[in-house]
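J.: Data file run.txt (compact mmCIF, C-alpha atoms and all ligand atoms) is appended below.
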```txt
# COMPACT_ATOMS: atom_id res chain seq x y z
CA MET A 268 -4.11 33.75 3.93
CA LEU A 269 -3.70 32.23 0.47
CA THR A 270 -0.03 33.29 0.40
CA ASN A 271 0.41 31.47 3.71
CA HIS A 272 -1.15 28.36 2.28
CA PHE A 273 1.24 28.43 -0.67
CA ARG A 274 4.24 29.01 1.56
CA THR A 275 3.48 26.42 4.22
CA THR A 276 2.76 23.78 1.61
CA LEU A 277 5.99 24.52 -0.23
CA GLN A 278 7.91 24.44 3.05
CA GLN A 279 6.44 21.03 3.91
CA LEU A 280 7.41 19.68 0.49
CA THR A 281 10.94 21.03 0.96
CA ASP A 282 11.17 19.46 4.43
CA GLN A 283 10.15 16.09 3.01
CA SER A 284 12.63 16.41 0.11
CA VAL A 285 9.80 16.03 -2.39
CA ARG A 286 9.55 19.59 -3.63
CA ARG A 287 9.68 19.81 -7.41
CA SER A 288 11.15 22.52 -9.55
CA LEU A 289 11.58 23.13 -13.24
CA SER A 290 15.01 22.57 -14.66
CA PRO A 291 14.91 24.03 -18.17
CA LEU A 292 16.95 22.77 -21.08
CA GLU A 293 18.31 25.16 -23.66
CA SER A 294 18.27 22.71 -26.55
CA ALA A 295 16.05 20.06 -28.13
CA THR A 296 15.65 16.77 -26.31
CA GLY A 297 18.29 14.24 -27.37
CA PRO A 298 21.17 12.15 -26.03
CA ILE A 299 23.11 15.35 -25.32
CA VAL A 300 21.39 18.52 -24.17
CA SER A 301 22.35 21.98 -23.05
CA HIS A 302 21.47 22.69 -19.43
CA ALA A 303 22.49 25.77 -17.42
CA GLY A 304 25.06 26.65 -20.05
CA ARG A 305 26.71 23.20 -20.00
CA THR A 306 26.49 20.19 -22.27
CA VAL A 307 25.19 17.15 -20.38
CA ILE A 308 24.14 13.59 -21.22
CA LEU A 309 20.38 13.24 -20.91
CA LEU A 310 19.20 9.95 -19.40
CA SER A 311 15.65 10.97 -18.52
CA SER A 312 13.74 11.24 -21.77
CA ASN A 313 10.97 8.96 -23.01
CA ASP A 314 11.84 9.76 -26.62
CA TYR A 315 13.21 6.20 -26.83
CA LEU A 316 13.75 6.10 -30.58
CA GLY A 317 14.86 9.70 -31.04
CA LEU A 318 11.83 10.44 -33.20
CA ALA A 319 11.07 13.84 -31.64
CA THR A 320 13.96 15.24 -33.69
CA HIS A 321 13.87 12.85 -36.65
CA PRO A 322 14.09 15.00 -39.83
CA GLU A 323 11.11 13.28 -41.46
CA VAL A 324 8.95 13.66 -38.35
CA VAL A 325 9.93 17.31 -37.94
CA GLN A 326 9.28 17.94 -41.64
CA ALA A 327 5.80 16.40 -41.37
CA ALA A 328 4.99 18.76 -38.49
CA ILE A 329 6.23 21.77 -40.44
CA GLU A 330 4.25 20.86 -43.55
CA ALA A 331 1.08 20.23 -41.58
CA THR A 332 1.48 23.61 -39.86
CA GLU A 333 1.96 25.37 -43.18
CA ARG A 334 -1.11 23.71 -44.67
CA TYR A 335 -3.46 23.56 -41.70
CA GLY A 336 -2.21 26.21 -39.29
CA THR A 337 -1.00 25.99 -35.71
CA GLY A 338 -4.26 25.43 -33.87
CA SER A 339 -7.15 23.16 -34.80
CA GLY A 340 -9.70 25.85 -34.03
CA ALA A 341 -12.29 23.73 -32.23
CA SER A 342 -13.19 20.40 -30.73
CA ARG A 343 -12.98 17.48 -33.13
CA LEU A 344 -16.80 17.33 -33.09
CA VAL A 345 -17.30 20.99 -33.86
CA SER A 346 -14.94 21.91 -36.70
CA GLY A 347 -11.61 20.55 -35.53
CA THR A 348 -11.29 17.31 -37.48
CA LEU A 349 -8.61 17.91 -40.10
CA PRO A 350 -6.88 15.61 -42.60
CA PRO A 351 -3.90 14.96 -40.26
CA HIS A 352 -6.33 13.64 -37.61
CA THR A 353 -8.12 11.24 -39.92
CA SER A 354 -4.85 10.03 -41.50
CA LEU A 355 -3.35 9.46 -38.06
CA GLU A 356 -6.36 7.46 -36.90
CA ALA A 357 -6.16 5.31 -40.03
CA ALA A 358 -2.42 4.81 -39.52
CA LEU A 359 -2.89 3.84 -35.86
CA ALA A 360 -5.62 1.33 -36.63
CA LYS A 361 -3.45 -0.24 -39.32
CA PHE A 362 -0.36 -0.25 -37.08
CA LYS A 363 -2.31 -1.92 -34.27
CA GLY A 364 -4.40 -4.20 -36.46
CA THR A 365 -7.76 -2.88 -35.28
CA ASP A 366 -10.79 -1.57 -37.14
CA ALA A 367 -10.55 1.95 -35.83
CA SER A 368 -8.84 4.39 -33.51
CA LEU A 369 -9.62 7.66 -31.76
CA VAL A 370 -7.04 10.29 -30.95
CA PHE A 371 -7.10 12.30 -27.71
CA GLY A 372 -5.27 15.48 -26.73
CA ALA A 373 -2.94 13.68 -24.30
CA GLY A 374 -2.53 10.39 -22.47
CA TYR A 375 -3.73 12.05 -19.32
CA LEU A 376 -6.91 13.18 -21.04
CA ALA A 377 -7.51 9.76 -22.58
CA ASN A 378 -7.27 8.02 -19.22
CA VAL A 379 -9.43 10.45 -17.28
CA GLY A 380 -11.85 10.45 -20.20
CA VAL A 381 -12.19 6.80 -21.12
CA ILE A 382 -12.28 5.07 -17.74
CA PRO A 383 -15.46 6.85 -16.56
CA THR A 384 -17.19 5.76 -19.79
CA LEU A 385 -16.54 2.10 -18.96
CA ILE A 386 -17.75 1.96 -15.40
CA ASP A 387 -19.61 4.10 -12.89
CA ARG A 388 -21.06 4.08 -9.39
CA GLY A 389 -22.00 0.53 -8.50
CA GLY A 390 -19.06 -0.92 -10.43
CA LEU A 391 -15.70 -2.13 -9.14
CA ILE A 392 -12.24 -1.18 -10.41
CA ILE A 393 -9.24 -3.32 -9.48
CA ALA A 394 -5.98 -1.66 -10.53
CA ASP A 395 -2.33 -2.62 -10.29
CA ARG A 396 -0.84 -0.74 -7.37
CA LEU A 397 1.74 0.99 -9.58
CA CYS A 398 -0.71 2.43 -12.10
CA HIS A 399 0.00 5.92 -13.44
CA ALA A 400 -1.63 8.94 -11.78
CA SER A 401 -3.80 9.59 -14.85
CA LEU A 402 -5.31 6.11 -14.50
CA ILE A 403 -5.98 6.67 -10.82
CA ASP A 404 -7.63 10.01 -11.59
CA GLY A 405 -9.79 8.35 -14.24
CA CYS A 406 -10.86 5.82 -11.60
CA ARG A 407 -11.75 8.60 -9.18
CA LEU A 408 -13.82 10.39 -11.79
CA SER A 409 -15.75 7.20 -12.52
CA ARG A 410 -17.02 7.00 -8.91
CA ALA A 411 -16.75 3.23 -9.01
CA ASP A 412 -15.39 1.40 -5.95
CA PHE A 413 -11.64 1.12 -6.14
CA ARG A 414 -9.21 -1.59 -4.99
CA VAL A 415 -5.57 -2.20 -5.84
CA PHE A 416 -3.78 -5.49 -6.34
CA ARG A 417 -0.12 -5.96 -5.48
CA HIS A 418 2.08 -5.04 -8.42
CA GLY A 419 1.91 -7.75 -11.09
CA ASP A 420 0.38 -10.21 -8.61
CA CYS A 421 -2.35 -12.19 -10.37
CA ALA A 422 -3.01 -14.39 -7.35
CA HIS A 423 -3.85 -11.28 -5.35
CA LEU A 424 -6.01 -9.98 -8.18
CA GLU A 425 -7.87 -13.29 -8.30
CA THR A 426 -8.52 -13.15 -4.56
CA LEU A 427 -10.07 -9.71 -5.01
CA LEU A 428 -12.11 -10.91 -7.99
CA ARG A 429 -13.45 -13.83 -5.96
CA ARG A 430 -14.35 -11.57 -3.08
CA ARG A 431 -16.54 -9.34 -5.26
CA VAL A 432 -20.11 -9.01 -4.11
CA SER A 433 -22.85 -8.13 -6.53
CA TYR A 434 -21.09 -5.38 -8.42
CA ARG A 435 -22.74 -4.43 -11.69
CA SER A 436 -19.43 -4.59 -13.55
CA THR A 437 -15.71 -4.98 -12.93
CA LEU A 438 -12.79 -3.27 -14.62
CA ILE A 439 -9.18 -4.42 -14.26
CA ILE A 440 -6.58 -1.73 -14.99
CA THR A 441 -2.90 -2.13 -15.77
CA GLU A 442 -0.06 -0.53 -17.64
CA GLY A 443 1.51 -2.70 -20.36
CA LEU A 444 5.07 -1.60 -19.64
CA PHE A 445 5.26 0.11 -16.25
CA SER A 446 6.54 3.64 -16.53
CA MET A 447 8.44 3.91 -13.26
CA ASP A 448 9.65 0.29 -12.86
CA GLY A 449 10.29 -0.73 -16.45
CA ASP A 450 8.75 -4.19 -16.01
CA LEU A 451 5.87 -5.76 -17.94
CA ALA A 452 2.40 -6.60 -16.71
CA PRO A 453 1.60 -10.35 -16.71
CA LEU A 454 -0.70 -9.59 -19.59
CA SER A 455 -1.56 -13.15 -20.67
CA ASP A 456 -2.66 -14.03 -17.15
CA LEU A 457 -4.59 -10.78 -16.82
CA VAL A 458 -6.47 -11.51 -20.05
CA GLU A 459 -7.33 -14.97 -18.79
CA LEU A 460 -8.51 -13.70 -15.41
CA ALA A 461 -10.61 -11.02 -17.09
CA GLU A 462 -12.23 -13.64 -19.31
CA ARG A 463 -12.77 -16.12 -16.47
CA TYR A 464 -14.28 -13.55 -14.12
CA ASP A 465 -16.19 -11.66 -16.78
CA ALA A 466 -14.32 -8.41 -16.15
CA MET A 467 -13.20 -5.74 -18.60
CA LEU A 468 -9.46 -5.13 -19.00
CA TYR A 469 -8.01 -1.67 -19.62
CA VAL A 470 -4.39 -1.57 -20.75
CA ASP A 471 -2.35 1.66 -20.87
CA ASP A 472 0.53 1.05 -23.25
CA ALA A 473 2.08 4.53 -23.13
CA HIS A 474 5.62 3.20 -22.79
CA GLY A 475 5.29 -0.01 -24.80
CA THR A 476 4.09 1.69 -27.98
CA GLY A 477 6.89 1.85 -30.55
CA ILE A 478 9.42 -0.22 -28.61
CA MET A 479 7.90 -3.51 -27.38
CA GLY A 480 6.96 -6.45 -29.58
CA ALA A 481 8.80 -7.80 -32.60
CA THR A 482 7.70 -4.87 -34.77
CA GLY A 483 7.22 -2.17 -32.12
CA ARG A 484 3.44 -2.40 -32.01
CA GLY A 485 3.64 -2.58 -28.24
CA THR A 486 3.19 -4.80 -25.22
CA ILE A 487 0.15 -6.56 -26.63
CA GLU A 488 2.20 -7.69 -29.62
CA GLN A 489 4.97 -8.73 -27.23
CA PHE A 490 2.57 -11.13 -25.51
CA ASP A 491 0.95 -12.24 -28.75
CA LEU A 492 -2.46 -11.11 -27.50
CA GLU A 493 -3.63 -9.13 -30.50
CA GLY A 494 -7.27 -9.96 -31.02
CA ARG A 495 -7.82 -10.97 -27.40
CA ILE A 496 -7.84 -7.46 -25.97
CA PRO A 497 -10.77 -5.67 -27.61
CA PHE A 498 -9.33 -2.18 -27.15
CA HIS A 499 -6.50 -0.38 -25.41
CA MET A 500 -4.88 3.02 -25.13
CA GLY A 501 -1.39 4.36 -25.64
CA THR A 502 0.27 7.71 -26.14
CA LEU A 503 1.92 9.53 -29.01
CA SER A 504 4.16 11.33 -26.53
CA LYS A 505 6.83 8.78 -25.72
CA ALA A 506 8.50 6.64 -28.41
CA LEU A 507 6.42 8.33 -31.13
CA GLY A 508 8.07 11.63 -30.25
CA SER A 509 4.91 13.74 -30.58
CA TYR A 510 2.03 14.61 -28.26
CA GLY A 511 -1.45 13.17 -27.79
CA ALA A 512 -2.87 9.71 -27.22
CA TYR A 513 -5.03 7.08 -28.86
CA VAL A 514 -7.53 4.37 -28.20
CA VAL A 515 -7.58 1.53 -30.73
CA GLY A 516 -10.46 -0.91 -31.01
CA SER A 517 -13.63 -1.68 -32.90
CA ASN A 518 -15.71 0.86 -34.83
CA ASP A 519 -18.38 0.63 -32.14
CA CYS A 520 -15.85 1.33 -29.42
CA VAL A 521 -14.59 4.43 -31.22
CA GLN A 522 -18.10 5.68 -32.03
CA TYR A 523 -19.10 5.15 -28.40
CA LEU A 524 -16.10 7.06 -27.06
CA LEU A 525 -16.51 10.01 -29.38
CA ASN A 526 -20.07 10.33 -28.14
CA VAL A 527 -19.45 10.00 -24.43
CA ALA A 528 -15.81 10.67 -23.45
CA ARG A 529 -15.87 14.20 -22.07
CA PRO A 530 -12.15 14.99 -22.62
CA PHE A 531 -12.72 14.13 -26.27
CA ILE A 532 -15.87 16.20 -26.64
CA PHE A 533 -15.01 19.26 -24.61
CA THR A 534 -11.49 20.00 -25.67
CA THR A 535 -9.87 21.43 -28.76
CA ALA A 536 -8.46 18.95 -31.26
CA LEU A 537 -4.78 18.04 -31.20
CA PRO A 538 -2.75 20.57 -33.24
CA PRO A 539 -2.37 19.33 -36.85
CA ALA A 540 1.43 19.36 -36.52
CA MET A 541 1.34 16.84 -33.67
CA ALA A 542 -0.99 14.50 -35.54
CA ALA A 543 1.13 14.64 -38.70
CA ALA A 544 4.33 14.12 -36.66
CA ALA A 545 2.85 11.03 -35.01
CA SER A 546 1.84 9.57 -38.40
CA ALA A 547 5.36 10.14 -39.72
CA ALA A 548 6.77 8.54 -36.56
CA ILE A 549 4.72 5.38 -37.14
CA THR A 550 6.13 5.18 -40.67
CA VAL A 551 9.67 5.46 -39.28
CA VAL A 552 9.01 2.83 -36.59
CA GLU A 553 7.90 0.40 -39.29
CA ARG A 554 10.64 1.25 -41.76
CA GLU A 555 13.64 1.53 -39.42
CA PRO A 556 13.73 -1.51 -37.12
CA GLU A 557 17.44 -0.74 -36.63
CA ARG A 558 16.41 2.03 -34.25
CA ARG A 559 14.78 -0.54 -31.99
CA ALA A 560 17.81 -2.80 -32.29
CA ARG A 561 20.08 0.08 -31.27
CA LEU A 562 17.75 0.95 -28.37
CA TRP A 563 17.87 -2.60 -27.01
CA ALA A 564 21.65 -2.84 -27.43
CA ASN A 565 22.02 0.42 -25.49
CA ARG A 566 19.58 -0.80 -22.90
CA HIS A 567 21.60 -3.95 -22.24
CA TYR A 568 24.83 -1.98 -22.13
CA LEU A 569 23.63 0.54 -19.57
CA PHE A 570 21.78 -2.09 -17.55
CA ASN A 571 24.90 -4.24 -17.24
CA GLY A 572 27.04 -1.22 -16.45
CA LEU A 573 24.76 -0.08 -13.64
CA ARG A 574 24.37 -3.57 -12.20
CA ASN A 575 28.11 -4.26 -12.33
CA GLN A 576 28.74 -1.12 -10.31
CA GLY A 577 26.61 -2.66 -7.57
CA PHE A 578 23.41 -0.62 -7.89
CA ARG A 579 20.07 -2.19 -7.10
CA LEU A 580 17.62 -1.90 -9.99
CA THR A 581 13.93 -2.71 -10.22
CA PRO A 582 13.16 -5.97 -12.10
CA THR A 583 13.17 -4.03 -15.36
CA VAL A 584 13.08 -5.64 -18.80
CA SER A 585 13.06 -2.40 -20.78
CA PRO A 586 14.99 0.79 -21.56
CA ILE A 587 13.61 2.20 -18.29
CA LEU A 588 16.41 1.51 -15.79
CA PRO A 589 15.41 2.64 -12.30
CA VAL A 590 18.16 2.59 -9.66
CA LEU A 591 16.48 2.22 -6.30
CA ILE A 592 17.63 4.60 -3.58
CA GLY A 593 14.70 4.58 -1.13
CA ASP A 594 15.03 7.87 0.70
CA ALA A 595 13.80 10.96 -1.21
CA ALA A 596 16.56 13.26 0.12
CA LYS A 597 19.25 10.77 -0.90
CA ALA A 598 17.75 10.34 -4.35
CA SER A 599 17.76 14.12 -4.83
CA ALA A 600 21.35 14.39 -3.63
CA PHE A 601 22.36 11.64 -6.05
CA ALA A 602 20.65 13.43 -8.95
CA ASP A 603 22.42 16.69 -7.98
CA ARG A 604 25.82 14.98 -8.00
CA LEU A 605 25.01 13.30 -11.32
CA LEU A 606 24.27 16.67 -12.84
CA ALA A 607 27.52 18.08 -11.45
CA HIS A 608 29.32 15.27 -13.29
CA GLY A 609 27.46 15.91 -16.55
CA VAL A 610 24.48 13.53 -16.41
CA TYR A 611 20.91 14.78 -16.36
CA ALA A 612 18.74 12.09 -14.74
CA THR A 613 15.87 13.10 -12.53
CA ALA A 614 15.12 11.73 -9.07
CA ILE A 615 11.63 10.21 -9.04
CA ARG A 616 10.06 10.65 -5.60
CA PRO A 617 6.63 10.27 -3.97
CA PRO A 618 3.86 10.65 -4.91
CA THR A 619 5.05 9.48 -8.35
CA VAL A 620 6.35 6.31 -6.68
CA PRO A 621 5.39 4.78 -3.29
CA ASP A 622 7.00 6.14 -0.11
CA GLY A 623 10.47 4.77 0.54
CA THR A 624 11.06 3.80 -3.10
CA SER A 625 12.61 6.99 -4.48
CA ARG A 626 14.85 6.30 -7.41
CA ILE A 627 16.83 7.64 -10.30
CA ARG A 628 14.89 6.55 -13.32
CA PHE A 629 17.50 6.29 -16.03
CA THR A 630 16.14 5.94 -19.54
CA VAL A 631 18.33 5.19 -22.50
CA THR A 632 17.50 5.88 -26.13
CA ALA A 633 18.50 4.59 -29.55
CA GLN A 634 20.57 7.73 -30.05
CA HIS A 635 23.08 7.37 -27.22
CA THR A 636 26.55 6.34 -28.37
CA THR A 637 28.63 3.79 -26.46
CA ASN A 638 31.05 6.59 -25.59
CA GLN A 639 28.27 8.62 -24.05
CA LEU A 640 27.09 5.62 -22.05
CA ASP A 641 30.65 4.99 -20.82
CA GLU A 642 30.94 8.62 -19.78
CA ALA A 643 27.59 8.43 -18.06
CA LEU A 644 28.58 5.27 -16.18
CA GLN A 645 31.75 6.99 -14.99
CA ALA A 646 29.65 9.91 -13.70
CA VAL A 647 27.23 7.51 -12.01
CA LYS A 648 30.09 5.80 -10.22
CA LEU A 649 31.51 9.11 -8.95
CA ALA A 650 28.11 10.38 -7.85
CA GLY A 651 27.35 7.05 -6.18
CA ARG A 652 30.55 7.27 -4.13
CA GLU A 653 30.04 10.90 -3.21
CA THR A 654 26.56 10.21 -1.86
CA GLY A 655 27.57 7.05 -0.02
CA LEU A 656 25.49 4.74 -2.22
CA LEU A 657 28.48 2.73 -3.43
C1 LIG B 1 3.07 9.45 -19.70
C2 LIG B 1 1.97 8.56 -19.33
C3 LIG B 1 0.64 8.97 -19.47
C4 LIG B 1 0.27 10.36 -19.85
O1 LIG B 1 0.51 10.57 -21.19
P1 LIG B 1 0.69 12.07 -21.72
O2 LIG B 1 0.51 11.93 -23.19
O3 LIG B 1 2.07 12.47 -21.34
O4 LIG B 1 -0.36 12.89 -21.07
C5 LIG B 1 -0.35 8.04 -19.19
N1 LIG B 1 -0.05 6.80 -18.77
C6 LIG B 1 1.22 6.40 -18.59
C7 LIG B 1 1.49 5.02 -18.12
C8 LIG B 1 2.28 7.27 -18.85
O5 LIG B 1 3.53 6.89 -18.66
```
Could the structure of this file be written out as structure tokens, please?
Ligand SMILES: *Cc1c(COP(=O)(O)O)cnc(C)c1O
T.:
Amino acid sequence: MLTNHFRTTLQQLTDQSVRRSLSPLESATGPIVSHAGRTVILLSSNDYLGLATHPEVVQAAIEATERYGTGSGASRLVSGTLPPHTSLEAALAKFKGTDASLVFGAGYLANVGVIPTLIDRGGLIIADRLCHASLIDGCRLSRADFRVFRHGDCAHLETLLRRRVSYRSTLIITEGLFSMDGDLAPLSDLVELAERYDAMLYVDDAHGTGIMGATGRGTIEQFDLEGRIPFHMGTLSKALGSYGAYVVGSNDCVQYLLNVARPFIFTTALPPAMAAAASAAITVVEREPERRARLWANRHYLFNGLRNQGFRLTPTVSPILPVLIGDAAKASAFADRLLAHGVYATAIRPPTVPDGTSRIRFTVTAQHTTNQLDEALQAVKLAGRETGLL
């Protein structure tokens, strides 16, 4: 009975070309990886600055492990708060220019944990249609009413805000830099709408952290809105090359969350190594702006290369370069051909993206060389022809 359920579900996913499978690497993440015994160019990692393998970041993780062990032993509130956690929270608050910060086990946990502490039954959430699954799940857990506004469309959002009827509170949710489209939220307008309509604004800056803004502080710095957004979240798992997530804001905000956010209370603290690695990564982000410069140069190079070959990209402004295919089966076939030609870039299909918008989400990092990008572009061209996309 249960076996049947597993099998029929898997068969349906296969039929719809949206079945997922693991495709293990045999080396560390990086511009070049080992996959199925071959060396391939990786264009699918969110380690934008190459910090996951930065010697100083790795060393910080090793030292923290030697001093504090592998596991934290308990929830932060029980006996799990260790020096690497408190130093990381201080470093994050300083980096973001806030009074305080609170670290969570993962971005997913932060989103499903924080959103239900902001709003509950009787409230209204209005989220950008392209919000990450963890944000959507946080909304579901909150039990508030839920509406979506068209991606980046403030006029639509305003219509929904005007149409509100006697909700106790309203929460607007957006990503700063959208993970699957690579474009930015109209953050200044969102802040204004939130102020005008007396709504809270929740920004997930998972992808902006470390790469956006003049000094890498993120999307909020990019829009010059520091001080106007009372708190926001981001992750340690993308450009910071570690694992975990944070909320930055006022002391009250942090004290409130550590008292009420269930995925903070009822889960074991982040391993000390990950906290120490993230702190070291922040130091590197601040000290080595050339990594960001290299990332953006690579981004422009690959973007132009893809566009000149005739591919249709999303309106991206970031190192996330999604080539739109549409059909899930075609996107998978394209990814297979890319791999055959030495490029590892995953097809992103529903439900990660809306139906009919399957894509290859290329991501470039600071570590790719121009030679590697040229080789990758050659492979993309061949794969594009073989699958009838060019
Ligand atoms: C990756 C991601 C998350 C989840 O973060 P993890 O630390 O990987 O759990 C949340 N929100 C967005 C927008 C993301 O891209």
J.: Given the choices A:Asn313, A:Leu397, A:Leu424, A:His321, which gets closest to Gly475 of chain A if the distance is worked out from all atoms listed in the file?
T.: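 Of A:Asn313, A:Leu397, A:Leu424, A:His321, the one nearest Gly475 of chain A is A:Asn313, counting all atoms listed in the file.
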J.: Report as a Markdown table: every residue of segment 415-504 of chain A with an atom at most 8 Å from segment 378-389 of chain A, its closest pair of atoms, and their distance in Å to one decimal, counting all atoms listed in the file, with rows sorted by chain and ascending residue number.
T.:
```
| residue | atom | partner | partner_atom | distance |
| --- | --- | --- | --- | --- |
| A:Tyr434 | CA | A:Gly389 | CA | 6.0 |
| A:Arg435 | CA | A:Gly389 | CA | 5.9 |
| A:Ser436 | CA | A:Ile386 | CA | 7.0 |
| A:Thr437 | CA | A:Ile386 | CA | 7.6 |
| A:Leu438 | CA | A:Ile386 | CA | 7.3 |
```
J.: Go through the chains and note each residue within 7 Å of ligand LIG 1 (chain B), using only C-alpha atoms and all ligand atoms, then give the set as a list in words.
T.: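 After applying the 7 Å limit, what remains is Ala373, Gly374, Tyr375, Leu376, Asn378, Cys398, His399, Ser401, Leu402, Glu442, Phe445, Ser446, Asp471, Asp472, Ala473, His474, Thr502, Leu503, Ser504, Tyr510, Gly511 and Ala512 of chain A.
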J.: Between A:His635, A:Arg287, A:Arg558, A:Arg604, which residue has the minimum interatomic distance to Ser311 of chain A, considering all atoms listed in the file?
T.: A:His635
J.: May I ask for the distance between atom CA of Asn575 of chain A and atom CA of Glu642 of chain A, given in Å to one decimal place?
T.: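 Atom CA of Glu642 of chain A lies 15.1 Å from atom CA of Asn575 of chain A.
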J.: What is the distance between atom CA of Glu557 of chain A and atom CA of Ala357 of chain A, in Å to one decimal?
T.: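 These atoms are spaced 24.6 Å apart.
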J.: Can you measure atom CA of Cys406 of chain A to atom CA of Leu280 of chain A for me? One decimal in Å is fine.
T.: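 If I compute the distance from atom CA of Cys406 of chain A to atom CA of Leu280 of chain A, I get 25.9 Å.
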J.: Find the residue from A:Val552, A:Leu344, A:Ile403, A:Ile532 that sits nearest to Thr619 of chain A; use all atoms listed in the file when measuring.
T.: A:Ile403
J.: Smallest atom-to-atom distance to Arg396 of chain A: which of A:His608, A:Gly372, A:Ile440, A:Asp412, using all atoms listed in the file?
T.: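 Checking each of A:His608, A:Gly372, A:Ile440, A:Asp412 against Arg396 of chain A, counting all atoms listed in the file, the winner is A:Ile440.
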J.: Taking (-4.7, 23.9, -32.9) in the file's coordinates as the center, which residues reach within 8 Å of it, counting only C-alpha atoms, put as a list in words?
T.: Gly336, Thr337, Gly338, Ser339, Gly340, Ala341, Thr535, Ala536, Leu537, Pro538 and Pro539 of chain A
J.: Report as a list in words all protein, DNA and RNA residues lying within 10 Å of Val620 of chain A, evaluated on only C-alpha atoms, omitting residues in the same chain fewer than 3 positions from it.
T.: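 Returned residues: Leu397, Cys398, His399, Ala400, Met447, Asp448, Ile615, Arg616, Pro617, Gly623, Thr624, Ser625 and Arg626 of chain A.
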J.: Generate the output file for the selected residues, C-alpha atoms, as an mmCIF file, keeping the file's coordinate frame.
T.:
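Saved file again.cif follows:
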```cif
data_model
loop_
_atom_site.group_PDB
_atom_site.id
_atom_site.type_symbol
_atom_site.label_atom_id
_atom_site.label_comp_id
_atom_site.auth_asym_id
_atom_site.auth_seq_id
_atom_site.Cartn_x
_atom_site.Cartn_y
_atom_site.Cartn_z
ATOM 1 C CA LEU A 397 1.740 0.990 -9.580
ATOM 2 C CA CYS A 398 -0.710 2.430 -12.100
ATOM 3 C CA HIS A 399 0.000 5.920 -13.440
ATOM 4 C CA ALA A 400 -1.630 8.940 -11.780
ATOM 5 C CA MET A 447 8.440 3.910 -13.260
ATOM 6 C CA ASP A 448 9.650 0.290 -12.860
ATOM 7 C CA ILE A 615 11.630 10.210 -9.040
ATOM 8 C CA ARG A 616 10.060 10.650 -5.600
ATOM 9 C CA PRO A 617 6.630 10.270 -3.970
ATOM 10 C CA GLY A 623 10.470 4.770 0.540
ATOM 11 C CA THR A 624 11.060 3.800 -3.100
ATOM 12 C CA SER A 625 12.610 6.990 -4.480
ATOM 13 C CA ARG A 626 14.850 6.300 -7.410
#
```
J.: Between A:Ile478, A:Ala411, A:Val610, A:Ala540, single out the one closest to Glu555 of chain A, counting only C-alpha atoms.
T.: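 Ranking A:Ile478, A:Ala411, A:Val610, A:Ala540 by distance to Glu555 of chain A, first place goes to A:Ile478.
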